[in-house]
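With TSV, C-alpha atoms inside, this is target_5.tsv:
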chain	number	residue	atom	x	y	z
A	1	MET	CA	39.01	16.60	-18.53
A	2	ILE	CA	37.86	13.12	-19.52
A	3	LYS	CA	39.62	10.39	-21.47
A	4	VAL	CA	36.92	9.02	-23.76
A	5	VAL	CA	36.36	5.27	-23.56
A	6	TYR	CA	33.16	4.92	-25.63
A	7	SER	CA	31.62	7.50	-27.94
A	8	SER	CA	28.44	6.53	-29.76
A	9	VAL	CA	27.13	7.83	-33.08
A	10	CYS	CA	23.70	9.44	-32.77
A	11	GLY	CA	21.17	9.74	-35.58
A	12	SER	CA	21.16	13.49	-35.00
A	13	ASP	CA	24.82	13.61	-36.07
A	14	LEU	CA	23.49	13.15	-39.60
A	15	HIS	CA	21.85	16.57	-39.40
A	16	TYR	CA	25.28	18.15	-39.20
A	17	LEU	CA	26.96	15.91	-41.76
A	18	HIS	CA	24.18	16.51	-44.30
A	19	GLY	CA	24.00	20.26	-43.72
A	20	TYR	CA	20.50	20.33	-42.19
A	21	VAL	CA	21.92	22.19	-39.21
A	22	VAL	CA	24.19	25.01	-40.31
A	23	SER	CA	27.29	26.51	-38.66
A	24	MET	CA	29.61	23.50	-38.84
A	25	LYS	CA	33.20	24.37	-39.68
A	26	GLU	CA	36.15	22.35	-40.92
A	27	GLY	CA	37.79	20.57	-38.01
A	28	ASP	CA	34.73	20.57	-35.75
A	29	ILE	CA	34.38	17.41	-33.65
A	30	LEU	CA	31.02	15.65	-33.42
A	31	GLY	CA	29.83	13.28	-30.70
A	32	HIS	CA	27.61	13.78	-27.66
A	33	GLU	CA	26.99	10.29	-26.23
A	34	PHE	CA	29.98	9.07	-24.27
A	35	THR	CA	31.58	7.49	-21.26
A	36	GLY	CA	35.08	7.95	-19.98
A	37	LYS	CA	37.58	8.25	-17.16
A	38	VAL	CA	38.15	11.50	-15.28
A	39	MET	CA	41.76	12.58	-15.80
A	40	GLU	CA	41.76	16.09	-14.32
A	41	VAL	CA	39.27	18.16	-12.32
A	42	GLY	CA	38.94	21.91	-12.02
A	43	SER	CA	39.05	23.73	-8.71
A	44	GLY	CA	35.27	24.23	-8.75
A	45	VAL	CA	34.39	20.55	-9.19
A	46	LYS	CA	33.11	19.06	-5.95
A	47	THR	CA	31.60	15.65	-6.76
A	48	LEU	CA	34.25	14.03	-8.97
A	49	LYS	CA	37.85	12.98	-8.63
A	50	ARG	CA	40.61	11.72	-10.87
A	51	GLY	CA	39.98	8.11	-11.88
A	52	ASP	CA	36.18	8.19	-11.62
A	53	ARG	CA	34.33	6.33	-14.39
A	54	VAL	CA	31.56	8.54	-15.73
A	55	VAL	CA	28.78	8.81	-18.28
A	56	VAL	CA	28.07	12.31	-19.54
A	57	ALA	CA	24.80	13.95	-20.58
A	58	PRO	CA	24.72	15.46	-24.11
A	59	ASN	CA	23.36	18.83	-22.99
A	60	ILE	CA	25.37	21.22	-20.84
A	61	GLY	CA	23.68	22.89	-17.87
A	62	CYS	CA	25.14	25.31	-15.35
A	63	GLY	CA	22.94	24.03	-12.52
A	64	GLU	CA	22.19	27.52	-11.23
A	65	CYS	CA	19.95	29.37	-13.71
A	66	PHE	CA	16.14	29.31	-13.61
A	67	TYR	CA	15.85	26.54	-16.20
A	68	CYS	CA	18.44	24.29	-14.56
A	69	GLN	CA	16.73	24.78	-11.21
A	70	GLU	CA	13.52	23.62	-12.88
A	71	LYS	CA	15.40	20.57	-14.27
A	72	GLU	CA	14.99	21.90	-17.82
A	73	TRP	CA	18.69	21.48	-18.52
A	74	SER	CA	18.52	21.85	-22.30
A	75	LEU	CA	17.29	25.45	-21.87
A	76	CYS	CA	20.21	26.55	-19.66
A	77	ASP	CA	20.70	30.30	-19.79
A	78	ASN	CA	24.45	30.23	-19.19
A	79	SER	CA	26.05	27.36	-21.10
A	80	ASN	CA	25.49	28.51	-24.70
A	81	HIS	CA	27.68	31.56	-25.11
A	82	LYS	CA	26.71	31.80	-28.78
A	83	GLY	CA	22.97	31.70	-28.24
A	84	ASN	CA	22.60	34.94	-30.17
A	85	LEU	CA	23.45	33.05	-33.36
A	86	GLN	CA	20.77	30.47	-32.71
A	87	GLU	CA	18.19	33.05	-31.70
A	88	LYS	CA	18.21	34.53	-35.20
A	89	ILE	CA	17.02	31.18	-36.58
A	90	THR	CA	14.80	29.71	-33.88
A	91	GLY	CA	13.61	32.82	-32.07
A	92	TYR	CA	15.01	31.70	-28.71
A	93	PRO	CA	18.35	30.09	-27.86
A	94	THR	CA	18.71	26.72	-26.16
A	95	GLY	CA	21.48	25.67	-23.84
A	96	ALA	CA	24.72	24.18	-25.15
A	97	PHE	CA	25.36	20.65	-26.42
A	98	PHE	CA	28.55	18.75	-27.03
A	99	GLY	CA	29.58	18.38	-30.67
A	100	CYS	CA	26.48	20.10	-32.05
A	101	SER	CA	27.89	22.99	-34.08
A	102	HIS	CA	28.53	26.61	-33.24
A	103	LEU	CA	24.82	27.32	-32.82
A	104	PHE	CA	24.93	25.19	-29.67
A	105	GLY	CA	27.95	26.71	-27.98
A	106	SER	CA	30.93	25.54	-30.07
A	107	TYR	CA	31.82	22.75	-27.63
A	108	ALA	CA	34.02	20.02	-29.10
A	109	GLY	CA	32.36	16.59	-29.20
A	110	SER	CA	33.33	13.18	-27.90
A	111	HIS	CA	34.62	11.56	-31.10
A	112	ALA	CA	38.10	12.29	-29.80
A	113	GLU	CA	40.62	10.91	-27.32
A	114	TYR	CA	39.87	13.53	-24.68
A	115	ILE	CA	37.01	15.95	-24.02
A	116	ARG	CA	36.58	18.95	-21.75
A	117	VAL	CA	33.35	18.87	-19.74
A	118	PRO	CA	32.20	22.19	-18.22
A	119	TYR	CA	29.85	22.28	-15.22
A	120	ALA	CA	30.96	18.71	-14.57
A	121	ASP	CA	29.16	18.42	-11.23
A	122	HIS	CA	25.86	18.69	-13.09
A	123	GLY	CA	26.56	16.72	-16.28
A	124	CYS	CA	28.85	13.84	-15.27
A	125	PHE	CA	27.42	10.81	-13.52
A	126	LYS	CA	29.48	8.07	-11.91
A	127	ILE	CA	29.03	4.63	-13.44
A	128	PRO	CA	28.23	2.01	-10.76
A	129	GLU	CA	31.03	-0.48	-10.22
A	130	GLU	CA	28.88	-3.40	-11.40
A	131	LEU	CA	28.40	-1.80	-14.83
A	132	SER	CA	30.91	-1.54	-17.67
A	133	TYR	CA	31.71	1.62	-19.61
A	134	GLU	CA	29.77	0.14	-22.52
A	135	GLN	CA	26.68	-0.50	-20.41
A	136	GLY	CA	26.87	2.99	-18.97
A	137	LEU	CA	26.93	4.49	-22.46
A	138	PHE	CA	23.20	3.94	-22.93
A	139	ALA	CA	22.45	6.28	-20.01
A	140	SER	CA	23.99	9.20	-21.89
A	141	ASP	CA	21.31	9.75	-24.54
A	142	ALA	CA	19.52	6.72	-25.99
A	143	ALA	CA	18.01	5.35	-22.76
A	144	PRO	CA	16.77	8.64	-21.27
A	145	THR	CA	15.42	9.84	-24.63
A	146	GLY	CA	13.45	6.65	-25.24
A	147	TYR	CA	12.28	6.40	-21.64
A	148	MET	CA	11.12	10.02	-21.60
A	149	ALA	CA	8.88	9.31	-24.61
A	150	ALA	CA	7.34	6.36	-22.79
A	151	ASP	CA	7.05	8.26	-19.53
A	152	MET	CA	5.13	11.08	-21.24
A	153	ALA	CA	2.85	8.87	-23.31
A	154	VAL	CA	2.24	5.44	-21.76
A	155	MET	CA	-0.33	4.55	-19.12
A	156	PRO	CA	-0.66	1.06	-17.57
A	157	GLY	CA	-2.59	-1.25	-19.90
A	158	ASP	CA	-2.00	0.82	-23.04
A	159	VAL	CA	-1.35	-0.75	-26.42
A	160	VAL	CA	1.68	1.11	-27.73
A	161	ALA	CA	3.15	1.41	-31.23
A	162	VAL	CA	6.75	2.53	-31.70
A	163	TRP	CA	7.79	3.65	-35.18
A	164	GLY	CA	11.47	3.02	-35.72
A	165	ALA	CA	13.43	0.51	-33.65
A	166	GLY	CA	16.89	1.98	-33.72
A	167	ALA	CA	18.70	2.66	-30.47
A	168	VAL	CA	16.19	5.19	-29.14
A	169	GLY	CA	13.24	3.17	-30.40
A	170	GLN	CA	14.55	0.12	-28.55
A	171	MET	CA	14.75	2.16	-25.37
A	172	ALA	CA	11.23	3.52	-25.92
A	173	ILE	CA	9.97	-0.05	-26.26
A	174	ALA	CA	11.72	-1.09	-23.05
A	175	GLY	CA	10.35	2.03	-21.39
A	176	ALA	CA	6.81	1.22	-22.53
A	177	TRP	CA	7.03	-2.18	-20.85
A	178	LEU	CA	8.36	-0.54	-17.68
A	179	LYS	CA	5.42	1.87	-17.71
A	180	GLY	CA	2.96	-1.02	-17.82
A	181	ALA	CA	1.97	-1.32	-21.49
A	182	SER	CA	-0.14	-4.39	-22.19
A	183	LYS	CA	1.19	-4.74	-25.72
A	184	VAL	CA	3.97	-3.04	-27.70
A	185	ILE	CA	3.94	-3.03	-31.50
A	186	CYS	CA	7.27	-2.38	-33.21
A	187	ILE	CA	7.21	-0.91	-36.73
A	188	ASP	CA	10.46	-0.83	-38.70
A	189	LYS	CA	11.56	-1.46	-42.28
A	190	TYR	CA	14.54	-3.54	-41.15
A	191	LYS	CA	13.49	-7.07	-40.18
A	192	PHE	CA	16.29	-7.64	-37.66
A	193	ARG	CA	15.19	-4.76	-35.44
A	194	PRO	CA	11.76	-6.13	-34.47
A	195	ASN	CA	13.49	-9.41	-33.68
A	196	ILE	CA	15.64	-7.61	-31.12
A	197	THR	CA	12.60	-6.09	-29.45
A	198	ARG	CA	11.22	-9.51	-28.56
A	199	ALA	CA	13.80	-9.61	-25.78
A	200	TYR	CA	11.90	-6.78	-24.09
A	201	GLN	CA	8.55	-8.51	-24.07
A	202	LYS	CA	7.28	-9.40	-20.64
A	203	ARG	CA	9.40	-12.41	-19.82
A	204	GLY	CA	8.63	-14.03	-23.20
A	205	ALA	CA	4.90	-13.19	-23.28

Could you express the structure from this file as structure tokens?
Amino acid sequence: MIKVVYSSVCGSDLHYLHGYVVSMKEGDILGHEFTGKVMEVGSGVKTLKRGDRVVVAPNIGCGECFYCQEKEWSLCDNSNHKGNLQEKITGYPTGAFFGCSHLFGSYAGSHAEYIRVPYADHGCFKIPEELSYEQGLFASDAAPTGYMAADMAVMPGDVVAVWGAGAVGQMAIAGAWLKGASKVICIDKYKFRPNITRAYQKRGA
């Protein structure tokens, strides 16, 4: 059980609010990017203790099934106990996600004071002492999502264009620099966003 300190709004939350993803019900709690303080631990939890500061991954993986063993956590066979509902729409169920409707396991999200985190040994990560809760928040979703895009697409010396410089776009831009891009072009309709990206250019280059 975690006391939520920071819970960020993700662009994908709009899919649920606007009805693009069905199966939301009155009283459901959104939110899947968060940091917090461990308040209680179950008997099966081995790596965490009360008082630990943690950042939590949005997807829920058991750590034991084939997909989790292959590090494909979002395809966990055991976390989404309502996968049969999703299978009728998508053809194959994914694993569970916090605050992402009843198609994704019916787990309450982080826009609340407290949140229950199953399989905590595999989804909770201790925040280093030198980092704040707020700094750790980026490691929940925005940073790994943006970096994964760069990691899959960018080779040293590439000229890279990133469409959309919201939170994930900013992280993709930073990731592109880390992967050795020679130039990163930011494309966004809001003028203030490209200005922010200049901070990620190679030491002012």

Skip Val41 (chain A) itself and residues of its chain fewer than 2 positions away, then list as a short mmCIF file (atom, residue, chain, number, x, y, z; two decimals) with C-alpha atoms, in the frame of the given file all residues within 9 Å of it, counting only C-alpha atoms.
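The resulting result_38.cif:
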data_model
loop_
_atom_site.label_atom_id
_atom_site.label_comp_id
_atom_site.auth_asym_id
_atom_site.auth_seq_id
_atom_site.Cartn_x
_atom_site.Cartn_y
_atom_site.Cartn_z
CA MET A 1 39.01 16.60 -18.53
CA ILE A 2 37.86 13.12 -19.52
CA VAL A 38 38.15 11.50 -15.28
CA MET A 39 41.76 12.58 -15.80
CA SER A 43 39.05 23.73 -8.71
CA GLY A 44 35.27 24.23 -8.75
CA VAL A 45 34.39 20.55 -9.19
CA LYS A 46 33.11 19.06 -5.95
CA LEU A 48 34.25 14.03 -8.97
CA LYS A 49 37.85 12.98 -8.63
CA ARG A 50 40.61 11.72 -10.87
CA ALA A 120 30.96 18.71 -14.57
#

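Of the residues listed (A:Trp177, A:Tyr107, A:Trp73, A:Phe138), A:Trp177 shows the shortest atom-to-atom separation from Gly157 (chain A); distances use only C-alpha atoms.
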
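The coordinates place CA of Val168 (chain A) at 21.2 Å from CA of Gly36 (chain A).
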
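Using all atoms listed in the file, the nearest neighbour of Lys126 (chain A) within the list A:Ser74, A:Ala139, A:Phe97, A:Val4 is A:Ala139.
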
Figure out the distance between CA of Glu130 (chain A) and CA of His32 (chain A), please, to one decimal in Å. 23.7 Å

One decimal, Å: what's the distance from CA of Phe104 (chain A) over to CA of Val21 (chain A), could you say? 10.4 Å

Which residues, written as a PyMOL selection string, have at least one atom at most 10 Å from Val55 (chain A), with all atoms listed in the file counted and residues fewer than 2 positions away on the same chain left out? chain A and resi 4-6+33-37+52-53+57-58+123-127+133-141

Please write the residues from the selection above to a file, keeping C-alpha atoms, as a PDB file, keeping the file's coordinate frame.
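The resulting selection19.pdb:
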ATOM      1  CA  VAL A   4      36.920   9.020 -23.760  1.00  0.00           C
ATOM      2  CA  VAL A   5      36.360   5.270 -23.560  1.00  0.00           C
ATOM      3  CA  TYR A   6      33.160   4.920 -25.630  1.00  0.00           C
ATOM      4  CA  GLU A  33      26.990  10.290 -26.230  1.00  0.00           C
ATOM      5  CA  PHE A  34      29.980   9.070 -24.270  1.00  0.00           C
ATOM      6  CA  THR A  35      31.580   7.490 -21.260  1.00  0.00           C
ATOM      7  CA  GLY A  36      35.080   7.950 -19.980  1.00  0.00           C
ATOM      8  CA  LYS A  37      37.580   8.250 -17.160  1.00  0.00           C
ATOM      9  CA  ASP A  52      36.180   8.190 -11.620  1.00  0.00           C
ATOM     10  CA  ARG A  53      34.330   6.330 -14.390  1.00  0.00           C
ATOM     11  CA  ALA A  57      24.800  13.950 -20.580  1.00  0.00           C
ATOM     12  CA  PRO A  58      24.720  15.460 -24.110  1.00  0.00           C
ATOM     13  CA  GLY A 123      26.560  16.720 -16.280  1.00  0.00           C
ATOM     14  CA  CYS A 124      28.850  13.840 -15.270  1.00  0.00           C
ATOM     15  CA  PHE A 125      27.420  10.810 -13.520  1.00  0.00           C
ATOM     16  CA  LYS A 126      29.480   8.070 -11.910  1.00  0.00           C
ATOM     17  CA  ILE A 127      29.030   4.630 -13.440  1.00  0.00           C
ATOM     18  CA  TYR A 133      31.710   1.620 -19.610  1.00  0.00           C
ATOM     19  CA  GLU A 134      29.770   0.140 -22.520  1.00  0.00           C
ATOM     20  CA  GLN A 135      26.680  -0.500 -20.410  1.00  0.00           C
ATOM     21  CA  GLY A 136      26.870   2.990 -18.970  1.00  0.00           C
ATOM     22  CA  LEU A 137      26.930   4.490 -22.460  1.00  0.00           C
ATOM     23  CA  PHE A 138      23.200   3.940 -22.930  1.00  0.00           C
ATOM     24  CA  ALA A 139      22.450   6.280 -20.010  1.00  0.00           C
ATOM     25  CA  SER A 140      23.990   9.200 -21.890  1.00  0.00           C
ATOM     26  CA  ASP A 141      21.310   9.750 -24.540  1.00  0.00           C
TER      27      ASP A 141
END

Contacts of Gly166 (chain A) within 12 Å, all atoms listed in the file, excl. fewer than 4 positions in-chain, as number ranges by chain: A: 9-11, 142-143, 146, 162, 170-173, 186-197

Can I get the selection written as a PDB file, in the frame of the given file, with C-alpha atoms?
ATOM      1  CA  VAL A   9      27.130   7.830 -33.080  1.00  0.00           C
ATOM      2  CA  CYS A  10      23.700   9.440 -32.770  1.00  0.00           C
ATOM      3  CA  GLY A  11      21.170   9.740 -35.580  1.00  0.00           C
ATOM      4  CA  ALA A 142      19.520   6.720 -25.990  1.00  0.00           C
ATOM      5  CA  ALA A 143      18.010   5.350 -22.760  1.00  0.00           C
ATOM      6  CA  GLY A 146      13.450   6.650 -25.240  1.00  0.00           C
ATOM      7  CA  VAL A 162       6.750   2.530 -31.700  1.00  0.00           C
ATOM      8  CA  GLN A 170      14.550   0.120 -28.550  1.00  0.00           C
ATOM      9  CA  MET A 171      14.750   2.160 -25.370  1.00  0.00           C
ATOM     10  CA  ALA A 172      11.230   3.520 -25.920  1.00  0.00           C
ATOM     11  CA  ILE A 173       9.970  -0.050 -26.260  1.00  0.00           C
ATOM     12  CA  CYS A 186       7.270  -2.380 -33.210  1.00  0.00           C
ATOM     13  CA  ILE A 187       7.210  -0.910 -36.730  1.00  0.00           C
ATOM     14  CA  ASP A 188      10.460  -0.830 -38.700  1.00  0.00           C
ATOM     15  CA  LYS A 189      11.560  -1.460 -42.280  1.00  0.00           C
ATOM     16  CA  TYR A 190      14.540  -3.540 -41.150  1.00  0.00           C
ATOM     17  CA  LYS A 191      13.490  -7.070 -40.180  1.00  0.00           C
ATOM     18  CA  PHE A 192      16.290  -7.640 -37.660  1.00  0.00           C
ATOM     19  CA  ARG A 193      15.190  -4.760 -35.440  1.00  0.00           C
ATOM     20  CA  PRO A 194      11.760  -6.130 -34.470  1.00  0.00           C
ATOM     21  CA  ASN A 195      13.490  -9.410 -33.680  1.00  0.00           C
ATOM     22  CA  ILE A 196      15.640  -7.610 -31.120  1.00  0.00           C
ATOM     23  CA  THR A 197      12.600  -6.090 -29.450  1.00  0.00           C
TER      24      THR A 197
END

Measuring atom to atom with all atoms listed in the file, identify which of A:Leu131, A:Leu178, A:Cys100, A:Cys68 is nearest to Tyr16 (chain A). A:Cys100

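Nearest-residue note for Gly99 (chain A): choosing from A:Arg198, A:Lys25, A:His81, A:Lys179, the minimum distance belongs to A:Lys25, counting only C-alpha atoms.
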
Counting only C-alpha atoms, the residue of A:Ser182, A:Ser101, A:Thr47, A:Gln69 that sits nearest Ile29 (chain A): A:Ser101

Padding of 4 Å on every side, edges along x, y and z, all listed atoms of region 79-95 of chain A included: what centre and edge lengths in Å, to one decimal, does that box have, as AutoDock Vina command-line options?
--center_x 20.6 --center_y 30.3 --center_z -28.8 --size_x 22.1 --size_y 17.3 --size_z 23.5
